[in-house]
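Chemist: For reference, the structure I am asking about is given below.
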Amino acid sequence: MTTVVFTHGTGVREPHLTTLFAHVASGLAEVAPQARLVAYPWGGTHGAALAAGGASIPRPPGAGTGRGAASPDDGTDEAEQWARLYDDPLAELAAAAAGTAPGAVPPGAAFPDERPRALLLDLAAHGEPLTGPLGPGLPEQAARLAREPLLTPAARALDPEALAHVLGRALAAAVVRAALDADRPVQADGDTRDAAAAALAVRLGAPPAGTGRGPLLRAASRPLVRLGSRYAVRRRRALTDAAHPAAGDILKYLARGDAVRRDLRDLVAGLRPPVVLLGHSLGGVICLDTLISGPLPGVELLVTVGSQGPFLYETGALPSLVHPEPLPGHVPPWLNLYDRRDLLGYAAGPLFPGRAEDVATDSRQPFPVAHSAYWTDPAVYRALGERLP
């Protein structure tokens, strides 16, 4: 009878480990009813923990200072709103356009979007200096925005001044986004960004600073989008407590993984062969690393699922093997499964030709859900069942 040792990934702790183990056991029973599944719950003993109770996590503004909770003007909300715009520079435009019903234009009257489109095209031809500190690319972004279909309903929904600020922020965000995509090593600070957005708004029809409507103009100059991450930033301590094992487990293993590998060896030594090592995510790294570092008698197959082992090897971060050193001869056949949409799953075959077999799966889930969807994907169990000794 084959024994499959399941090694979980980052951040898995009880009670979730029991749930995960039950899913894997059920799926394995469908394809290999005679196999026995054994868990290696390394996270409870060797996983990362906040030893000082989270003292390293910065407190939100006002916390512990007698000033109460962070105020709405502490910059936190604004930074998050800009983060949303960097992710989608058209977010405000889309929010304004949503639900706007087409209206009739009186004969001879200009369409509401006619002037802003003309001003955008003028910026495309002559506006580069306005965003110089943010990075190049304003003419391209302005020309693109001038062709944006969302501009028509947004122009019906907003007065010209508010629309000018929305467009100014959209352009500033698009330039910053392009700089991020180009991996520019220096990015503008918030004051530079705000000055550029304000100058762009003026060019697009807003009155200059000091000539507007006081508080209303200042409010219009701020992003309107709201983010779910506002709650996350306000509760950074609580969320870090809950989520820290995911990153901490990786860092701790790479720095001090000897004990994790030793305990896996001890577990396997007490099992009757044949044994299969099945590891998910960091669990796959642990299994691979343990096998490379020395023979494990009785282990006849290594199975890694959504694992970073190949990537760590190629980048020189795998503790037991440095590229381009070959896989030691004592490592058993290796089956490596990765979902095409899982950004944390890597291919091993190109790095270890003839030694590692890749199987690409497709859970039809986006990342990061794809990274945890292997255990409900029948293709994963079929591939495993077909290769069990």
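Chain lettering (A, B, ...) mirrors the order of the structure tokens, residue numbering begins at 1 for each chain separately, and ligand numbering begins at 1 in order of display.
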I'd like the neighbourhood of Pro328 of chain A as a list in words, where a residue qualifies if any of its atoms comes within 12 Å (using only C-alpha atoms), though same-chain residues fewer than 3 positions away should be ignored.
Modeler: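 In the requested format, the answer is Leu288, Asp289, Thr290, Leu291, Ile292, Ser293, Gly294, Pro295, Ser320, Leu321, Val322, Pro324, Glu325, Val331, Pro332, Pro333, Phe352 and Arg355 of chain A.
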Chemist: Find the spatial neighbours of Leu121 of chain A, counting only C-alpha atoms, within a cut-off of 8 Å - ignore same-chain residues fewer than 5 positions away - and output them as a PyMOL selection string.
Modeler: chain A and resi 142-143+146
Chemist: Would you put the residues from that selection into a file with N, CA and C atoms, as a CSV table (one decimal), in the first residue's frame?
Modeler:
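Listing of out_20.csv after writing:
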chain,number,residue,atom,x,y,z
A,142,ALA,N,-3.3,61.3,-23.0
A,142,ALA,CA,-4.3,62.3,-23.3
A,142,ALA,C,-5.1,61.9,-24.6
A,143,ALA,N,-4.3,61.5,-25.6
A,143,ALA,CA,-5.0,61.1,-26.9
A,143,ALA,C,-5.9,59.9,-26.6
A,146,ALA,N,-9.0,61.0,-24.9
A,146,ALA,CA,-9.9,61.7,-25.8
A,146,ALA,C,-10.8,60.8,-26.6
Chemist: Using only C-alpha atoms, which of the listed residues (A:Asp249, A:Thr45, A:Leu37, A:Arg169) sits closest to Arg84 of chain A?
Modeler: A:Arg169
Chemist: Pick out the residues sitting within 8 Å of Pro136 of chain A, and hand them over as number ranges by chain; count only C-alpha atoms, and ignore anything fewer than 3 positions along from it in its own chain.
Modeler: A: 128, 131-132, 175, 179
Chemist: Using only C-alpha atoms, find the one residue out of A:Leu271, A:Val305, A:Leu337, A:Leu28 that sits nearest to Ile286 of chain A.
Modeler: A:Val305
Chemist: Using backbone DSSP assignments, extract all strand (DSSP E or B) residues from segment 244-280 of chain A; output them as a PyMOL selection string.
Modeler: chain A and resi 275-280
Chemist: For His371 of chain A, which residue among A:Pro15, A:Pro89, A:Gly9, A:Pro353 is the nearest when counting only C-alpha atoms?
Modeler: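 Under the stated criterion, the closest residue is A:Gly9.
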Chemist: So how many Å separate atom CA of Lys252 of chain A and atom CA of Gly283 of chain A, to one decimal?
Modeler: 13.2 Å
Chemist: Can you work out which one of A:Arg272, A:His280, A:His165, A:His8 has the shortest atom-to-atom distance to Tyr338 of chain A, counting only C-alpha atoms?
Modeler: A:His280
Chemist: From the DSSP assignment of the backbone, select every residue of segment 19-197 of chain A that is alpha helix (DSSP H), and format the answer as a PyMOL selection string.
Modeler: chain A and resi 19-31+42-46+76-87+91-97+114-126+138-146+151-157+160-181+190-197
Chemist: Can you measure atom CA of Pro153 of chain A to atom CA of Asp88 of chain A for me? One decimal in Å is fine.
Modeler: 17.9 Å
